[in-house]
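Asker: Just one file: data-v3.txt, with compact mmCIF, C-alpha atoms.
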```txt
# COMPACT_ATOMS: atom_id res chain seq x y z
CA MET W 25 25.28 -22.61 -36.52
CA GLU W 26 22.09 -24.10 -37.94
CA LEU W 27 22.14 -27.16 -40.19
CA ARG W 28 20.72 -25.07 -43.03
CA LEU W 29 23.66 -22.67 -42.89
CA LEU W 30 26.10 -25.57 -42.64
CA LYS W 31 24.74 -27.11 -45.83
CA GLU W 32 24.89 -23.75 -47.59
CA LEU W 33 28.54 -23.21 -46.64
CA VAL W 34 29.50 -26.76 -47.63
CA LYS W 35 27.74 -26.35 -50.98
CA ARG W 36 30.04 -23.42 -51.79
CA GLY W 37 33.06 -25.69 -51.33
CA GLU W 38 36.53 -25.15 -49.94
CA GLY W 39 38.23 -21.81 -50.38
CA GLU W 40 40.37 -19.18 -48.74
CA HIS W 41 38.33 -19.32 -45.53
CA VAL W 42 36.89 -22.87 -45.60
CA GLU W 43 38.49 -26.32 -45.24
CA PHE W 44 36.85 -29.77 -45.09
CA LYS W 45 38.18 -32.81 -43.24
CA LEU W 46 36.29 -36.09 -43.19
CA LYS W 47 37.96 -37.31 -39.98
CA SER W 48 40.28 -36.02 -37.29
CA ASN W 49 42.88 -38.74 -37.74
CA HIS W 50 46.34 -37.32 -38.41
CA PRO W 51 45.60 -34.23 -36.27
CA GLU W 52 49.25 -33.19 -36.62
CA LYS W 53 48.43 -32.45 -40.28
CA ILE W 54 45.10 -30.76 -39.57
CA VAL W 55 46.83 -28.16 -37.38
CA ARG W 56 48.53 -26.88 -40.54
CA GLU W 57 45.15 -25.69 -41.80
CA ILE W 58 44.42 -24.04 -38.46
CA VAL W 59 47.77 -22.24 -38.43
CA ALA W 60 47.26 -21.14 -42.05
CA PHE W 61 43.88 -19.61 -41.19
CA ALA W 62 45.30 -17.81 -38.14
CA ASN W 63 48.24 -16.46 -40.19
CA SER W 64 45.92 -15.31 -42.99
CA GLY W 65 42.36 -14.00 -42.90
CA GLY W 66 40.84 -16.57 -40.55
CA GLY W 67 38.50 -19.39 -41.52
CA LYS W 68 36.34 -22.36 -40.62
CA LEU W 69 37.42 -25.99 -40.44
CA PHE W 70 34.59 -28.51 -40.91
CA VAL W 71 35.39 -31.99 -39.57
CA GLY W 72 32.97 -34.62 -40.81
CA VAL W 73 32.72 -33.22 -44.35
CA GLY W 74 34.43 -34.80 -47.37
CA ASP W 75 36.29 -33.06 -50.17
CA ASP W 76 33.37 -34.06 -52.41
CA LYS W 77 31.09 -31.92 -50.17
CA SER W 78 29.43 -35.00 -48.66
CA ILE W 79 28.32 -34.34 -45.08
CA LYS W 80 29.11 -37.64 -43.35
CA GLY W 81 29.38 -36.35 -39.80
CA LEU W 82 31.21 -37.89 -36.86
CA LYS W 83 29.95 -40.66 -34.58
CA ASP W 84 31.77 -39.27 -31.56
CA ALA W 85 32.38 -35.56 -32.16
CA GLU W 86 33.45 -35.03 -28.55
CA GLU W 87 36.33 -37.46 -29.00
CA ASP W 88 37.39 -35.74 -32.23
CA GLU W 89 37.15 -32.39 -30.48
CA TYR W 90 39.38 -33.65 -27.66
CA THR W 91 41.91 -35.07 -30.13
CA LEU W 92 42.12 -31.82 -32.07
CA SER W 93 42.30 -29.61 -28.97
CA ARG W 94 45.24 -31.65 -27.68
CA ALA W 95 46.98 -31.39 -31.07
CA ILE W 96 46.38 -27.62 -31.18
CA ASP W 97 47.89 -27.22 -27.70
CA LYS W 98 50.82 -29.49 -28.53
CA TYR W 99 51.81 -28.49 -32.04
CA ILE W 100 50.92 -24.78 -32.45
CA PHE W 101 53.13 -21.93 -31.20
CA PRO W 102 52.35 -19.31 -30.15
CA LYS W 103 48.94 -20.38 -28.85
CA ILE W 104 45.90 -19.43 -30.91
CA SER W 105 42.34 -18.62 -29.95
CA TYR W 106 39.48 -20.43 -31.65
CA LYS W 107 35.86 -21.45 -31.16
CA HIS W 108 34.29 -24.87 -31.67
CA GLU W 109 30.77 -26.16 -31.98
CA LYS W 110 28.99 -29.39 -32.89
CA ILE W 111 26.24 -29.33 -35.51
CA PRO W 112 23.86 -32.34 -35.36
CA ILE W 113 23.11 -33.76 -38.81
CA THR W 114 21.34 -36.96 -37.67
CA HIS W 115 20.36 -38.36 -34.29
CA ASP W 116 23.80 -39.95 -33.88
CA ARG W 117 26.16 -37.88 -36.03
CA ASP W 118 27.57 -34.35 -35.77
CA VAL W 119 29.84 -32.09 -37.78
CA LEU W 120 32.54 -30.39 -35.73
CA VAL W 121 33.17 -26.78 -36.74
CA LEU W 122 36.28 -24.90 -35.63
CA THR W 123 36.28 -21.15 -36.23
CA ILE W 124 39.76 -19.63 -36.30
CA PRO W 125 39.99 -15.82 -36.32
CA LYS W 126 42.70 -13.83 -38.07
CA SER W 127 45.46 -13.55 -35.48
CA ILE W 128 47.20 -10.40 -34.27
CA ASP W 129 50.01 -12.51 -32.81
CA LYS W 130 51.32 -14.02 -36.03
CA PRO W 131 53.28 -15.74 -37.36
CA HIS W 132 52.08 -18.96 -35.74
CA TYR W 133 54.03 -22.14 -36.32
CA VAL W 134 53.44 -25.87 -36.40
CA VAL W 135 56.14 -27.38 -34.17
CA ASP W 136 56.75 -31.08 -34.80
CA ASP W 137 57.98 -33.69 -32.31
CA THR W 138 61.62 -32.94 -33.17
CA GLY W 139 61.22 -29.22 -32.51
CA VAL W 140 61.27 -28.15 -36.15
CA ARG W 141 58.77 -25.38 -36.77
CA GLN W 142 57.09 -24.19 -39.94
CA ALA W 143 54.59 -21.41 -40.62
CA TYR W 144 51.70 -21.85 -43.06
CA ILE W 145 49.43 -19.41 -44.84
CA ARG W 146 46.21 -19.80 -46.78
CA VAL W 147 46.27 -19.25 -50.55
CA GLU W 148 42.91 -19.87 -52.22
CA ASP W 149 41.86 -23.37 -51.06
CA LYS W 150 45.34 -24.55 -49.99
CA SER W 151 47.51 -24.17 -46.93
CA ILE W 152 51.12 -23.65 -48.03
CA GLN W 153 54.42 -23.11 -46.28
CA ALA W 154 55.15 -19.46 -45.69
CA SER W 155 58.31 -18.13 -47.30
CA ARG W 156 60.98 -16.29 -45.35
CA GLU W 157 59.60 -13.05 -46.71
CA MET W 158 56.02 -13.83 -45.65
CA LYS W 159 57.17 -14.70 -42.14
CA GLU W 160 59.07 -11.41 -41.92
CA ILE W 161 56.08 -9.45 -43.24
CA MET W 162 53.85 -11.09 -40.60
CA ARG W 163 56.38 -10.59 -37.81
CA ARG W 164 57.20 -6.97 -38.61
CA GLY W 165 53.70 -6.02 -39.69
CA LYS W 166 52.11 -6.30 -36.23
CA GLY W 167 50.20 -3.17 -35.38
CA GLU W 168 49.61 -0.12 -37.54
CA ARG W 169 52.99 1.58 -37.68
CA ASP W 170 54.27 3.79 -40.46
CA VAL W 171 57.27 2.15 -42.11
CA ARG W 172 59.90 4.50 -43.44
CA PHE W 173 62.84 3.70 -45.66
CA GLN W 174 65.47 5.50 -47.71
CA TYR W 175 64.91 5.53 -51.45
CA GLY W 176 68.31 4.60 -52.81
CA GLU W 177 69.96 2.91 -55.75
CA LYS W 178 68.52 -0.55 -55.15
CA GLU W 179 64.99 0.81 -54.79
CA GLU W 180 65.46 2.75 -58.02
CA LYS W 181 66.56 -0.44 -59.79
CA LEU W 182 63.52 -2.24 -58.38
CA MET W 183 61.17 0.39 -59.77
CA LYS W 184 62.90 0.16 -63.14
CA LEU W 185 62.47 -3.62 -63.09
CA LEU W 186 58.78 -3.27 -62.22
CA ASP W 187 58.36 -0.89 -65.15
CA GLU W 188 59.52 -3.72 -67.40
CA LYS W 189 57.73 -6.62 -65.67
CA GLU W 190 54.35 -7.03 -64.01
CA SER W 191 55.89 -8.83 -61.05
CA VAL W 192 59.27 -9.71 -59.59
CA THR W 193 60.68 -12.42 -57.32
CA VAL W 194 63.41 -12.04 -54.71
CA ASP W 195 65.95 -13.84 -56.89
CA LEU W 196 65.07 -11.84 -60.00
CA PHE W 197 65.44 -8.55 -58.14
CA ALA W 198 68.73 -9.65 -56.55
CA ALA W 199 70.18 -10.63 -59.94
CA PHE W 200 68.95 -7.47 -61.68
CA ALA W 201 70.23 -5.13 -58.96
CA GLY W 202 73.46 -7.07 -58.38
CA ILE W 203 72.86 -7.35 -54.64
CA PRO W 204 72.86 -10.29 -52.19
CA ARG W 205 69.58 -12.17 -51.90
CA LYS W 206 69.25 -11.24 -48.21
CA ILE W 207 69.35 -7.53 -49.02
CA ALA W 208 66.88 -7.98 -51.90
CA SER W 209 64.57 -9.90 -49.58
CA ASN W 210 64.68 -7.25 -46.86
CA THR W 211 64.09 -4.45 -49.39
CA LEU W 212 60.97 -6.14 -50.74
CA VAL W 213 59.66 -6.84 -47.22
CA VAL W 214 60.10 -3.22 -46.16
CA MET W 215 58.38 -1.94 -49.30
CA VAL W 216 55.44 -4.28 -48.69
CA LEU W 217 55.17 -2.99 -45.12
CA ALA W 218 55.33 0.57 -46.49
CA ARG W 219 52.40 -0.34 -48.78
CA ILE W 220 54.37 0.44 -51.93
CA LEU W 221 54.40 -3.20 -53.01
CA GLU W 222 51.97 -6.09 -52.67
CA VAL W 223 53.05 -9.67 -52.08
CA HIS W 224 51.34 -12.61 -53.77
CA PRO W 225 52.32 -15.84 -51.96
CA HIS W 226 52.72 -19.02 -53.97
CA GLU W 227 53.81 -22.60 -53.29
CA MET W 228 56.90 -22.18 -55.45
CA LEU W 229 57.86 -18.49 -55.47
CA ASP W 230 56.24 -15.40 -53.99
CA LYS W 231 55.68 -12.59 -56.46
CA PHE W 232 55.77 -8.87 -55.74
CA THR W 233 53.87 -6.18 -57.64
CA MET W 234 53.22 -2.47 -57.28
CA SER W 235 50.36 -1.87 -54.88
CA MET W 236 47.14 -0.47 -56.32
CA ALA W 237 47.07 2.19 -53.59
CA TYR W 238 50.57 3.43 -54.49
CA GLN W 239 49.81 3.47 -58.22
CA SER W 240 46.74 5.61 -57.63
CA ASN W 241 48.71 8.25 -55.69
```
Have the structure of the file written as structure tokens, please.
Answerer:
Amino acid sequence: MELRLLKELVKRGEGEHVEFKLKSNHPEKIVREIVAFANSGGGKLFVGVGDDKSIKGLKDAEEDEYTLSRAIDKYIFPKISYKHEKIPITHDRDVLVLTIPKSIDKPHYVVDDTGVRQAYIRVEDKSIQASREMKEIMRRGKGERDVRFQYGEKEEKLMKLLDEKESVTVDLFAAFAGIPRKIASNTLVVMVLARILEVHPHEMLDKFTMSMAYQSN
């Protein structure tokens, strides 16, 4: 990547596919961004760039690269593929750029030192914890398989609820249909995989809406 392109991308700011980190300290936190990119649409992590879009660079980019590569190997499961490059900005400073493609092996998790694992996804310019439903959608959505399901009473109640409201949550659907949350969750996941619904992840509660493709049929 040329310096000119780097400056252009930084000028646009952080977003769904771009994250800035001034330094590589706390690499165990930086891997969350990498996992979120891999679990979503991919992205670029710029190390040596501040949140204010200042391009400070790194004095020893090779050391930062080594630190991050060790953290990626240690904390991310399953393993991810990524590319890295150093962009010189002065004679003694570089910006480290990690390019993380959208993964076909998701969900990926950050596994901490105690063995606890958590998946992350990218929503706008933030990396947030993936809900149970998002993890199931990622896990069961691998490959291009047709998902079939029986249209029964609970699905009918869901459609009625969506006629009244623009979006629903798992808990709202469960309460409206009078079914356990686990069954409501699985129903919504299956209907997302069947492309009847769309999921809109959020830090607090995921929302589900009718898919545009289904409405147009």
Asker: Please determine, counting all atoms listed in the file, which residue among W:Val147, W:Ile207, W:Ala60, W:Leu120 has the shortest atom-to-atom distance to W:His224.
Answerer: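 Checking each of W:Val147, W:Ile207, W:Ala60, W:Leu120 against W:His224, counting all atoms listed in the file, the winner is W:Val147.
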Asker: Would you mind listing what lies within 8 Å of W:Ala201 as a ChimeraX atom specification, with only C-alpha atoms counted and same-chain residues fewer than 4 positions away left out?
Answerer: /W:178,181-182,197
Asker: In Å, how far is it from atom CA of W:Gln174 to atom CA of W:Leu217?
Answerer: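 One can read the atom CA of W:Gln174 to atom CA of W:Leu217 distance as 13.6 Å.
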Asker: Can you pull out every residue within 7 Å of W:Ile96, counting only C-alpha atoms, but drop anything in the same chain fewer than 4 positions away, and send it as number ranges by chain?
Answerer: W: 55, 92, 100
Asker: Need the shell around W:Met234: protein/DNA/RNA residues with any atom at most 10 Å away, counting all atoms listed in the file. Skip same-chain ones fewer than 5 positions apart. Format as a list of chain:residue names?
Answerer: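 The residues that qualify are W:Met183, W:Leu186, W:Asp187, W:Glu190, W:Ser191, W:Val192, W:Met215, W:Val216, W:Arg219, W:Ile220, W:Leu221, W:Glu222, W:Val223, W:Gln239.
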Asker: Restricting it to C-alpha atoms, dump the selection as a short mmCIF file (atom, residue, chain, number, x, y, z; two decimals), in the frame of the given file.
Answerer:
```
data_model
loop_
_atom_site.label_atom_id
_atom_site.label_comp_id
_atom_site.auth_asym_id
_atom_site.auth_seq_id
_atom_site.Cartn_x
_atom_site.Cartn_y
_atom_site.Cartn_z
CA MET W 183 61.17 0.39 -59.77
CA LEU W 186 58.78 -3.27 -62.22
CA ASP W 187 58.36 -0.89 -65.15
CA GLU W 190 54.35 -7.03 -64.01
CA SER W 191 55.89 -8.83 -61.05
CA VAL W 192 59.27 -9.71 -59.59
CA MET W 215 58.38 -1.94 -49.30
CA VAL W 216 55.44 -4.28 -48.69
CA ARG W 219 52.40 -0.34 -48.78
CA ILE W 220 54.37 0.44 -51.93
CA LEU W 221 54.40 -3.20 -53.01
CA GLU W 222 51.97 -6.09 -52.67
CA VAL W 223 53.05 -9.67 -52.08
CA GLN W 239 49.81 3.47 -58.22
#
```
Asker: Around (34.2, -18.7, -45.8) in the file's own coordinates, what residues are found within 10 Å if you use only C-alpha atoms, given back as a PDB file with C-alpha atoms, keeping the file's coordinate frame?
Answerer:
```pdb
ATOM      1  CA  LEU W  33      28.540 -23.210 -46.640  1.00  0.00           C
ATOM      2  CA  VAL W  34      29.500 -26.760 -47.630  1.00  0.00           C
ATOM      3  CA  ARG W  36      30.040 -23.420 -51.790  1.00  0.00           C
ATOM      4  CA  GLY W  37      33.060 -25.690 -51.330  1.00  0.00           C
ATOM      5  CA  GLU W  38      36.530 -25.150 -49.940  1.00  0.00           C
ATOM      6  CA  GLY W  39      38.230 -21.810 -50.380  1.00  0.00           C
ATOM      7  CA  GLU W  40      40.370 -19.180 -48.740  1.00  0.00           C
ATOM      8  CA  HIS W  41      38.330 -19.320 -45.530  1.00  0.00           C
ATOM      9  CA  VAL W  42      36.890 -22.870 -45.600  1.00  0.00           C
ATOM     10  CA  GLU W  43      38.490 -26.320 -45.240  1.00  0.00           C
ATOM     11  CA  GLY W  65      42.360 -14.000 -42.900  1.00  0.00           C
ATOM     12  CA  GLY W  66      40.840 -16.570 -40.550  1.00  0.00           C
ATOM     13  CA  GLY W  67      38.500 -19.390 -41.520  1.00  0.00           C
ATOM     14  CA  LYS W  68      36.340 -22.360 -40.620  1.00  0.00           C
ATOM     15  CA  LEU W  69      37.420 -25.990 -40.440  1.00  0.00           C
TER      16      LEU W  69
END
```
Asker: Given all atoms listed in the file as the basis, pick out the residue of W:Thr193, W:Asn63, W:Gln142, W:Ser48 nearest to W:Pro125.
Answerer: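 Closest candidate: W:Asn63.
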Asker: In Å, how far is it from atom CA of W:Gly81 to atom CA of W:Ser64?
Answerer: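 Rounded to one decimal, the two atoms are 27.0 Å apart.
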Asker: Nearest to W:Glu177 among W:Ala208, W:Thr138, W:Arg164, W:Asp75, with distances taken over all atoms listed in the file: which residue is it?
Answerer: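 So, comparing all the options, the nearest one is W:Ala208.
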Asker: Write out as a ChimeraX atom specification which residues come within 9 Å of W:Gly72 when counting all atoms listed in the file, dropping same-chain ones fewer than 6 positions away.
Answerer: /W:44-48,78-82,85,117-121
Asker: Let's have the selection written as an mmCIF file, in the frame of the given file, with C-alpha atoms.
Answerer:
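File written: result-v3.cif
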```
data_model
loop_
_atom_site.group_PDB
_atom_site.id
_atom_site.type_symbol
_atom_site.label_atom_id
_atom_site.label_comp_id
_atom_site.auth_asym_id
_atom_site.auth_seq_id
_atom_site.Cartn_x
_atom_site.Cartn_y
_atom_site.Cartn_z
ATOM 1 C CA PHE W 44 36.850 -29.770 -45.090
ATOM 2 C CA LYS W 45 38.180 -32.810 -43.240
ATOM 3 C CA LEU W 46 36.290 -36.090 -43.190
ATOM 4 C CA LYS W 47 37.960 -37.310 -39.980
ATOM 5 C CA SER W 48 40.280 -36.020 -37.290
ATOM 6 C CA SER W 78 29.430 -35.000 -48.660
ATOM 7 C CA ILE W 79 28.320 -34.340 -45.080
ATOM 8 C CA LYS W 80 29.110 -37.640 -43.350
ATOM 9 C CA GLY W 81 29.380 -36.350 -39.800
ATOM 10 C CA LEU W 82 31.210 -37.890 -36.860
ATOM 11 C CA ALA W 85 32.380 -35.560 -32.160
ATOM 12 C CA ARG W 117 26.160 -37.880 -36.030
ATOM 13 C CA ASP W 118 27.570 -34.350 -35.770
ATOM 14 C CA VAL W 119 29.840 -32.090 -37.780
ATOM 15 C CA LEU W 120 32.540 -30.390 -35.730
ATOM 16 C CA VAL W 121 33.170 -26.780 -36.740
#
```
Asker: Using all atoms listed in the file, which of W:Ala95, W:Met236, W:Ile104, W:Val213 sits nearest W:Ile161?
Answerer: W:Val213
